[in-house]
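Coordinates as given in run23.tsv (TSV, C-alpha atoms):
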```tsv
chain	number	residue	atom	x	y	z
A	5	MET	CA	56.75	40.28	-6.06
A	6	LYS	CA	53.70	41.00	-8.18
A	7	SER	CA	54.92	38.52	-10.76
A	8	ASN	CA	55.25	35.80	-8.09
A	9	VAL	CA	51.72	36.46	-6.83
A	10	PHE	CA	50.40	36.35	-10.39
A	11	LEU	CA	52.21	33.02	-10.97
A	12	ILE	CA	50.73	31.49	-7.80
A	13	VAL	CA	47.23	32.64	-8.74
A	14	LEU	CA	47.71	31.26	-12.24
A	15	ILE	CA	48.83	27.86	-10.88
A	16	PHE	CA	45.83	27.63	-8.54
A	17	THR	CA	43.50	28.64	-11.36
A	18	ILE	CA	44.90	25.88	-13.55
A	19	ILE	CA	44.58	23.28	-10.76
A	20	ILE	CA	40.98	24.28	-10.00
A	21	SER	CA	40.15	24.27	-13.71
A	22	CYS	CA	41.65	20.78	-14.15
A	23	ASN	CA	39.74	19.43	-11.16
A	24	LYS	CA	36.53	21.00	-12.43
A	25	ASN	CA	37.03	19.54	-15.89
A	26	GLN	CA	37.72	16.11	-14.39
A	27	GLN	CA	34.57	16.30	-12.30
A	28	ILE	CA	32.50	17.35	-15.30
A	29	ASP	CA	34.04	14.52	-17.30
A	30	ASN	CA	33.10	12.04	-14.58
A	31	GLN	CA	29.52	13.29	-14.52
A	32	GLU	CA	29.26	13.01	-18.30
A	33	TYR	CA	31.02	9.63	-18.15
A	34	ILE	CA	28.21	8.25	-15.99
A	35	ASN	CA	25.67	8.92	-18.76
A	36	GLY	CA	24.66	5.77	-20.64
A	37	LEU	CA	23.89	2.10	-20.14
A	38	TRP	CA	25.60	0.13	-17.36
A	39	LEU	CA	25.34	-3.62	-16.72
A	40	VAL	CA	25.39	-4.96	-13.15
A	41	LYS	CA	28.36	-7.34	-13.09
A	42	GLU	CA	28.74	-7.94	-9.35
A	43	VAL	CA	26.89	-7.18	-6.14
A	44	LYS	CA	28.35	-7.92	-2.72
A	45	ILE	CA	26.65	-7.31	0.61
A	46	ASN	CA	28.95	-7.86	3.57
A	47	ASP	CA	31.24	-9.93	1.27
A	48	GLN	CA	28.33	-12.20	0.33
A	49	ASP	CA	27.84	-12.55	-3.42
A	50	MET	CA	24.34	-11.33	-4.29
A	51	THR	CA	24.90	-10.74	-8.02
A	52	PRO	CA	21.59	-10.74	-9.94
A	53	ILE	CA	21.12	-12.10	-13.45
A	54	ALA	CA	21.10	-9.57	-16.31
A	55	ASP	CA	20.33	-6.43	-14.28
A	56	TRP	CA	21.12	-3.03	-15.81
A	57	ILE	CA	20.70	0.67	-15.18
A	58	GLN	CA	20.50	3.51	-17.73
A	59	PHE	CA	21.70	6.95	-16.61
A	60	ASN	CA	20.30	9.70	-18.83
A	61	ALA	CA	21.80	13.16	-19.36
A	62	ASP	CA	18.62	14.81	-18.01
A	63	SER	CA	19.26	13.20	-14.58
A	64	THR	CA	16.61	10.52	-15.02
A	65	GLN	CA	17.40	6.83	-14.78
A	66	THR	CA	15.75	3.53	-15.64
A	67	PHE	CA	16.43	0.14	-14.11
A	68	GLY	CA	15.63	-3.31	-15.44
A	69	THR	CA	16.39	-6.99	-15.93
A	70	GLY	CA	16.99	-8.47	-19.36
A	71	TRP	CA	14.63	-6.81	-21.83
A	72	LEU	CA	12.29	-5.67	-19.05
A	73	GLN	CA	12.38	-2.16	-17.60
A	74	HIS	CA	10.73	-2.18	-14.19
A	75	SER	CA	11.81	1.02	-12.41
A	76	VAL	CA	12.31	4.70	-13.13
A	77	GLY	CA	13.82	7.48	-11.05
A	78	LEU	CA	16.48	10.14	-10.76
A	79	TRP	CA	20.23	10.32	-10.24
A	80	LYS	CA	22.64	13.02	-9.16
A	81	TYR	CA	26.44	13.11	-9.06
A	82	LYS	CA	28.09	15.35	-6.44
A	83	LYS	CA	31.37	16.38	-7.98
A	84	ALA	CA	33.36	17.43	-4.93
A	85	SER	CA	32.62	14.33	-2.83
A	86	GLU	CA	32.31	11.88	-5.76
A	87	ILE	CA	28.95	10.75	-4.44
A	88	LEU	CA	26.28	9.27	-6.72
A	89	SER	CA	22.70	9.42	-5.42
A	90	ILE	CA	20.05	7.16	-6.96
A	91	THR	CA	16.34	7.43	-6.21
A	92	TYR	CA	13.37	5.42	-7.49
A	93	GLU	CA	9.87	6.65	-8.18
A	94	ASN	CA	8.22	3.26	-8.68
A	95	GLY	CA	8.71	-0.44	-9.05
A	96	SER	CA	11.34	-2.86	-7.86
A	97	ASN	CA	14.98	-1.90	-7.78
A	98	GLY	CA	16.78	-5.22	-7.38
A	99	PHE	CA	19.87	-4.93	-5.22
A	100	ILE	CA	20.29	-1.17	-5.56
A	101	THR	CA	18.72	0.39	-2.49
A	102	PHE	CA	16.07	3.10	-2.69
A	103	ASP	CA	17.29	6.65	-2.15
A	104	THR	CA	20.88	5.64	-1.48
A	105	SER	CA	24.09	7.57	-1.95
A	106	TYR	CA	27.17	5.73	-3.17
A	107	HIS	CA	30.82	6.68	-3.26
A	108	VAL	CA	31.97	6.15	-6.84
A	109	LYS	CA	35.26	4.81	-8.17
A	110	PHE	CA	35.97	4.89	-11.89
A	111	ASN	CA	38.25	2.46	-13.72
A	112	LYS	CA	38.21	2.44	-17.53
A	113	ASN	CA	34.87	0.86	-18.51
A	114	THR	CA	33.79	-0.03	-14.98
A	115	MET	CA	32.25	1.93	-12.15
A	116	THR	CA	32.13	0.68	-8.56
A	117	LEU	CA	29.55	1.96	-6.07
A	118	HIS	CA	30.10	1.65	-2.32
A	119	ALA	CA	27.55	2.27	0.42
A	120	LYS	CA	27.82	1.64	4.15
A	121	SER	CA	25.09	1.49	6.77
A	122	GLU	CA	25.06	0.33	10.36
A	123	ASP	CA	24.62	-3.34	9.55
A	124	LYS	CA	25.88	-3.80	6.00
A	125	ILE	CA	28.40	-2.76	3.38
A	126	THR	CA	27.22	-2.84	-0.21
A	127	SER	CA	29.52	-2.94	-3.22
A	128	ILE	CA	28.13	-2.83	-6.78
A	129	THR	CA	30.32	-3.15	-9.86
A	130	LEU	CA	28.89	-1.82	-13.11
A	131	GLU	CA	30.30	-2.29	-16.58
A	132	ARG	CA	29.49	-0.03	-19.51
A	133	GLY	CA	27.25	-1.72	-22.08
A	134	ASN	CA	26.00	-0.98	-25.57
A	135	LYS	CA	22.89	-3.18	-25.53
A	136	LEU	CA	20.52	-4.70	-23.00
A	137	PRO	CA	21.52	-8.11	-21.63
A	138	THR	CA	19.47	-11.08	-22.79
A	139	LEU	CA	17.93	-13.57	-20.40
A	140	GLU	CA	17.28	-17.10	-21.58
A	141	ALA	CA	13.59	-16.31	-21.00
A	142	ASN	CA	13.81	-13.40	-23.46
A	143	LYS	CA	14.82	-15.82	-26.22
A	144	LEU	CA	11.40	-17.49	-26.02
A	145	ILE	CA	9.54	-14.51	-27.46
A	146	GLY	CA	8.44	-15.03	-31.06
A	147	ILE	CA	6.80	-17.54	-33.41
A	148	TRP	CA	7.81	-21.21	-33.28
A	149	LYS	CA	6.89	-23.99	-35.72
A	150	PHE	CA	6.37	-27.51	-34.38
A	151	ASP	CA	8.88	-29.95	-35.86
A	152	SER	CA	8.28	-32.90	-33.55
A	153	ILE	CA	5.73	-33.87	-30.90
A	154	VAL	CA	6.64	-36.88	-28.76
A	155	ILE	CA	4.27	-38.12	-26.05
A	156	ASN	CA	5.17	-41.14	-23.92
A	157	ASN	CA	8.10	-41.89	-26.24
A	158	LYS	CA	5.80	-41.97	-29.29
A	159	GLU	CA	5.95	-39.51	-32.19
A	160	VAL	CA	2.41	-38.16	-32.62
A	161	SER	CA	2.95	-35.31	-35.09
A	162	ASP	CA	0.90	-37.06	-37.78
A	163	SER	CA	-2.23	-36.88	-35.61
A	164	LEU	CA	-1.67	-33.59	-33.74
A	165	ASN	CA	0.08	-31.71	-36.55
A	166	PRO	CA	-1.03	-33.33	-39.83
A	167	SER	CA	-0.71	-30.07	-41.81
A	168	LYS	CA	2.87	-29.54	-40.55
A	169	LYS	CA	1.88	-25.92	-39.94
A	170	ALA	CA	1.18	-25.94	-36.20
A	171	MET	CA	2.72	-22.89	-34.49
A	172	LEU	CA	3.28	-21.57	-30.99
A	173	HIS	CA	3.32	-17.80	-30.62
A	174	LEU	CA	4.88	-16.55	-27.36
A	175	ARG	CA	4.19	-12.84	-26.96
A	176	PRO	CA	5.90	-10.12	-24.86
A	177	GLU	CA	2.86	-9.63	-22.61
A	178	ASN	CA	3.16	-13.32	-21.58
A	179	GLY	CA	0.24	-14.55	-23.63
A	180	TYR	CA	0.49	-17.47	-26.03
A	181	THR	CA	-1.55	-18.86	-28.92
A	182	LEU	CA	-1.43	-22.26	-30.60
A	183	TYR	CA	-2.27	-21.95	-34.30
A	184	ASN	CA	-3.12	-24.61	-36.90
A	185	TYR	CA	-3.39	-27.24	-34.17
A	186	SER	CA	-5.54	-30.30	-34.84
A	187	LEU	CA	-7.45	-29.78	-31.59
A	188	GLY	CA	-8.25	-26.20	-32.54
A	189	GLU	CA	-6.73	-22.80	-31.81
A	190	LYS	CA	-5.77	-22.48	-28.15
A	191	TYR	CA	-4.92	-19.52	-25.95
A	192	GLY	CA	-3.26	-19.09	-22.60
A	193	ILE	CA	-0.59	-17.39	-20.56
A	194	PHE	CA	2.98	-18.42	-19.80
A	195	LYS	CA	5.64	-17.56	-17.28
A	196	ALA	CA	9.36	-18.13	-17.72
A	197	HIS	CA	11.71	-18.16	-14.74
A	198	PHE	CA	14.43	-15.47	-14.93
A	199	GLY	CA	17.16	-17.58	-13.39
A	200	ARG	CA	16.29	-21.10	-14.55
A	201	LYS	CA	15.23	-22.54	-17.89
A	202	GLN	CA	11.72	-23.33	-16.74
A	203	LEU	CA	8.46	-22.52	-18.51
A	204	GLU	CA	4.96	-22.61	-17.02
A	205	MET	CA	1.92	-22.55	-19.32
A	206	VAL	CA	-1.80	-22.57	-18.62
A	207	GLY	CA	-4.63	-22.39	-21.13
A	208	TYR	CA	-7.77	-20.37	-20.52
A	209	THR	CA	-9.98	-21.76	-23.29
A	210	SER	CA	-10.95	-24.74	-21.12
A	211	LEU	CA	-13.44	-24.85	-18.24
A	212	SER	CA	-10.77	-26.63	-16.20
A	213	PRO	CA	-7.41	-25.02	-17.02
A	214	LYS	CA	-4.44	-27.32	-16.77
A	215	PHE	CA	-1.00	-26.13	-15.78
A	216	GLN	CA	1.89	-27.48	-17.82
A	217	PHE	CA	5.50	-27.25	-16.71
A	218	TYR	CA	8.47	-27.57	-19.05
A	219	ASP	CA	12.22	-27.33	-19.00
A	220	PHE	CA	13.29	-25.36	-22.05
A	221	ASN	CA	16.45	-24.88	-24.05
A	222	VAL	CA	17.03	-22.42	-26.89
A	223	GLU	CA	19.93	-23.06	-29.24
A	224	GLY	CA	20.04	-20.72	-32.20
A	225	LYS	CA	16.72	-21.11	-34.04
A	226	ASN	CA	15.73	-24.28	-32.20
A	227	LEU	CA	13.58	-24.63	-29.08
A	228	LEU	CA	13.30	-27.80	-27.02
A	229	LEU	CA	10.47	-28.17	-24.49
A	230	LYS	CA	10.50	-31.15	-22.17
A	231	SER	CA	7.72	-31.63	-19.62
A	232	LYS	CA	8.81	-31.99	-16.00
A	233	ASP	CA	7.64	-35.61	-15.97
A	234	GLU	CA	9.48	-36.11	-19.31
A	235	ASN	CA	6.32	-37.60	-20.89
A	236	VAL	CA	6.16	-34.80	-23.48
A	237	VAL	CA	9.05	-33.64	-25.65
A	238	LEU	CA	8.44	-30.86	-28.18
A	239	LYS	CA	10.92	-29.70	-30.81
A	240	LEU	CA	10.26	-26.37	-32.49
A	241	SER	CA	12.10	-23.97	-34.78
A	242	ARG	CA	11.85	-20.20	-35.01
A	243	ILE	CA	10.01	-18.67	-37.95
A	244	HIS	CA	9.45	-14.99	-38.75
A	245	GLN	CA	5.97	-15.04	-40.25
A	246	PHE	CA	2.75	-16.93	-39.66
A	247	LEU	CA	2.10	-20.03	-41.75
A	248	GLU	CA	-1.16	-19.97	-43.70
```
Could I get this structure in the form of structure tokens?
Amino acid sequence: MKSNVFLIVLIFTIIISCNKNQQIDNQEYINGLWLVKEVKINDQDMTPIADWIQFNADSTQTFGTGWLQHSVGLWKYKKASEILSITYENGSNGFITFDTSYHVKFNKNTMTLHAKSEDKITSITLERGNKLPTLEANKLIGIWKFDSIVINNKEVSDSLNPSKKAMLHLRPENGYTLYNYSLGEKYGIFKAHFGRKQLEMVGYTSLSPKFQFYDFNVEGKNLLLKSKDENVVLKLSRIHQFLE
């Protein structure tokens, strides 16, 4: 009789230990970088472009889009109920709701979060990542050398870029500088659309700043800028140091 009781206790101990280990494994599994692959709200596809969330082992988390981190906060995984709670201390949080608890399902390298309120059901699919996703806008950052300047279907590089050393520097803080330009060094700010290949630039060295709007395309080391009215076409190539 005693041996049977001991066996039953041993079996329950093993089961509890296995469940506890599995829960600990799930909590540790959450740690790391996750890319937002799909967001559905009431079966409507609301998937953002290049969103990600980083779960840290100290229960902090960061949230961002492309190379930009725009939110910080905390996370907590409740082992018994398999509930993941995410809170934000600042900033925008995309499609993940502030202070929301999600039921979590794990499947190899994916994690699906489900939340239900009175008027909506949210489903978020995350995929483990090893590097931040890159937006097309992120590819603009750096130094670009002018290879061709076409205005009104006429190549004008000889007059605007006679030294062949004109450069455009697009910086992470959204400032830009034109160097070695025949009309003098120019400064301004730019804004690139996250979802579309559109670039807006405005100089602040003039008393009457002029907004310029371009469609852009980055292929490898080449950048093509085409004004919205198609009167200006600029071809540039990436360089890694300033030309003297």
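Between CA of Ile90 (chain A) and CA of His107 (chain A) there is a distance of 11.4 Å.
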Taking every listed atom of region 114-127 of chain A and adding 4 Å to each side, what centre and edge lengths in Å (one decimal) does the axis-aligned box have, as JSON?
```
{"center_x": 29.2, "center_y": -0.8, "center_z": -2.3, "size_x": 17.2, "size_y": 14.1, "size_z": 33.3}
```
What's the 10 Å shell around region 49-57 of chain A, counting only C-alpha atoms, without same-chain residues fewer than 6 positions away, as an NGL selection string? :A and (36-43 or 65-73 or 75-76 or 97-100 or 126-133 or 135-140 or 198-199)
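Around Lys120 (chain A), within 10 Å and counting all atoms listed in the file, the residues found are Ile45, Asn46, Thr104, Ser105, Tyr106, His107, Lys124, Ile125, Thr126 and Ser127 of chain A, once anything fewer than 4 positions away on its own chain is removed.
Counting from CA of Leu78 (chain A), the distance to CA of Asp123 (chain A) is 25.7 Å.
Nearest-residue note for Asn221 (chain A): choosing from A:Met115, A:Ile155, A:Leu240, A:Leu164, the minimum distance belongs to A:Leu240, counting only C-alpha atoms.
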Considering all atoms listed in the file, return as a list in words whatever protein or nucleic-acid residues lie within 12 Å of Gly188 (chain A), sequence-local ones (same chain, fewer than 4 positions apart) excluded. Leu164, Asn165, Ala170, Met171, Thr181, Leu182, Tyr183, Asn184, Thr209 and Ser210 of chain A
Output C-alpha atoms of each residue in that selection to a file, as a compact mmCIF listing (two decimals), in the coordinates of the input.
```txt
# COMPACT_ATOMS: atom_id res chain seq x y z
CA LEU A 164 -1.67 -33.59 -33.74
CA ASN A 165 0.08 -31.71 -36.55
CA ALA A 170 1.18 -25.94 -36.20
CA MET A 171 2.72 -22.89 -34.49
CA THR A 181 -1.55 -18.86 -28.92
CA LEU A 182 -1.43 -22.26 -30.60
CA TYR A 183 -2.27 -21.95 -34.30
CA ASN A 184 -3.12 -24.61 -36.90
CA THR A 209 -9.98 -21.76 -23.29
CA SER A 210 -10.95 -24.74 -21.12
```
Find the residues around Lys225 (chain A) up to 12 Å (all atoms listed in the file counted), leave out those fewer than 5 positions away in its own chain, and share them as an NGL selection string. :A and (143-149 or 151 or 239-244)
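Each of A:Ile34, A:Ala61, A:Val236, A:Leu229 was compared to Val160 (chain A) using all atoms listed in the file, and A:Val236 turns out to be the nearest.
Pairwise distance (CA of Lys195 (chain A), CA of Ser161 (chain A)) equals 25.3 Å.
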Mind listing as a ChimeraX atom specification all residues within 7 Å of (24.9, 10.2, -16.5), counting only C-alpha atoms? /A:31-36,59-61,63
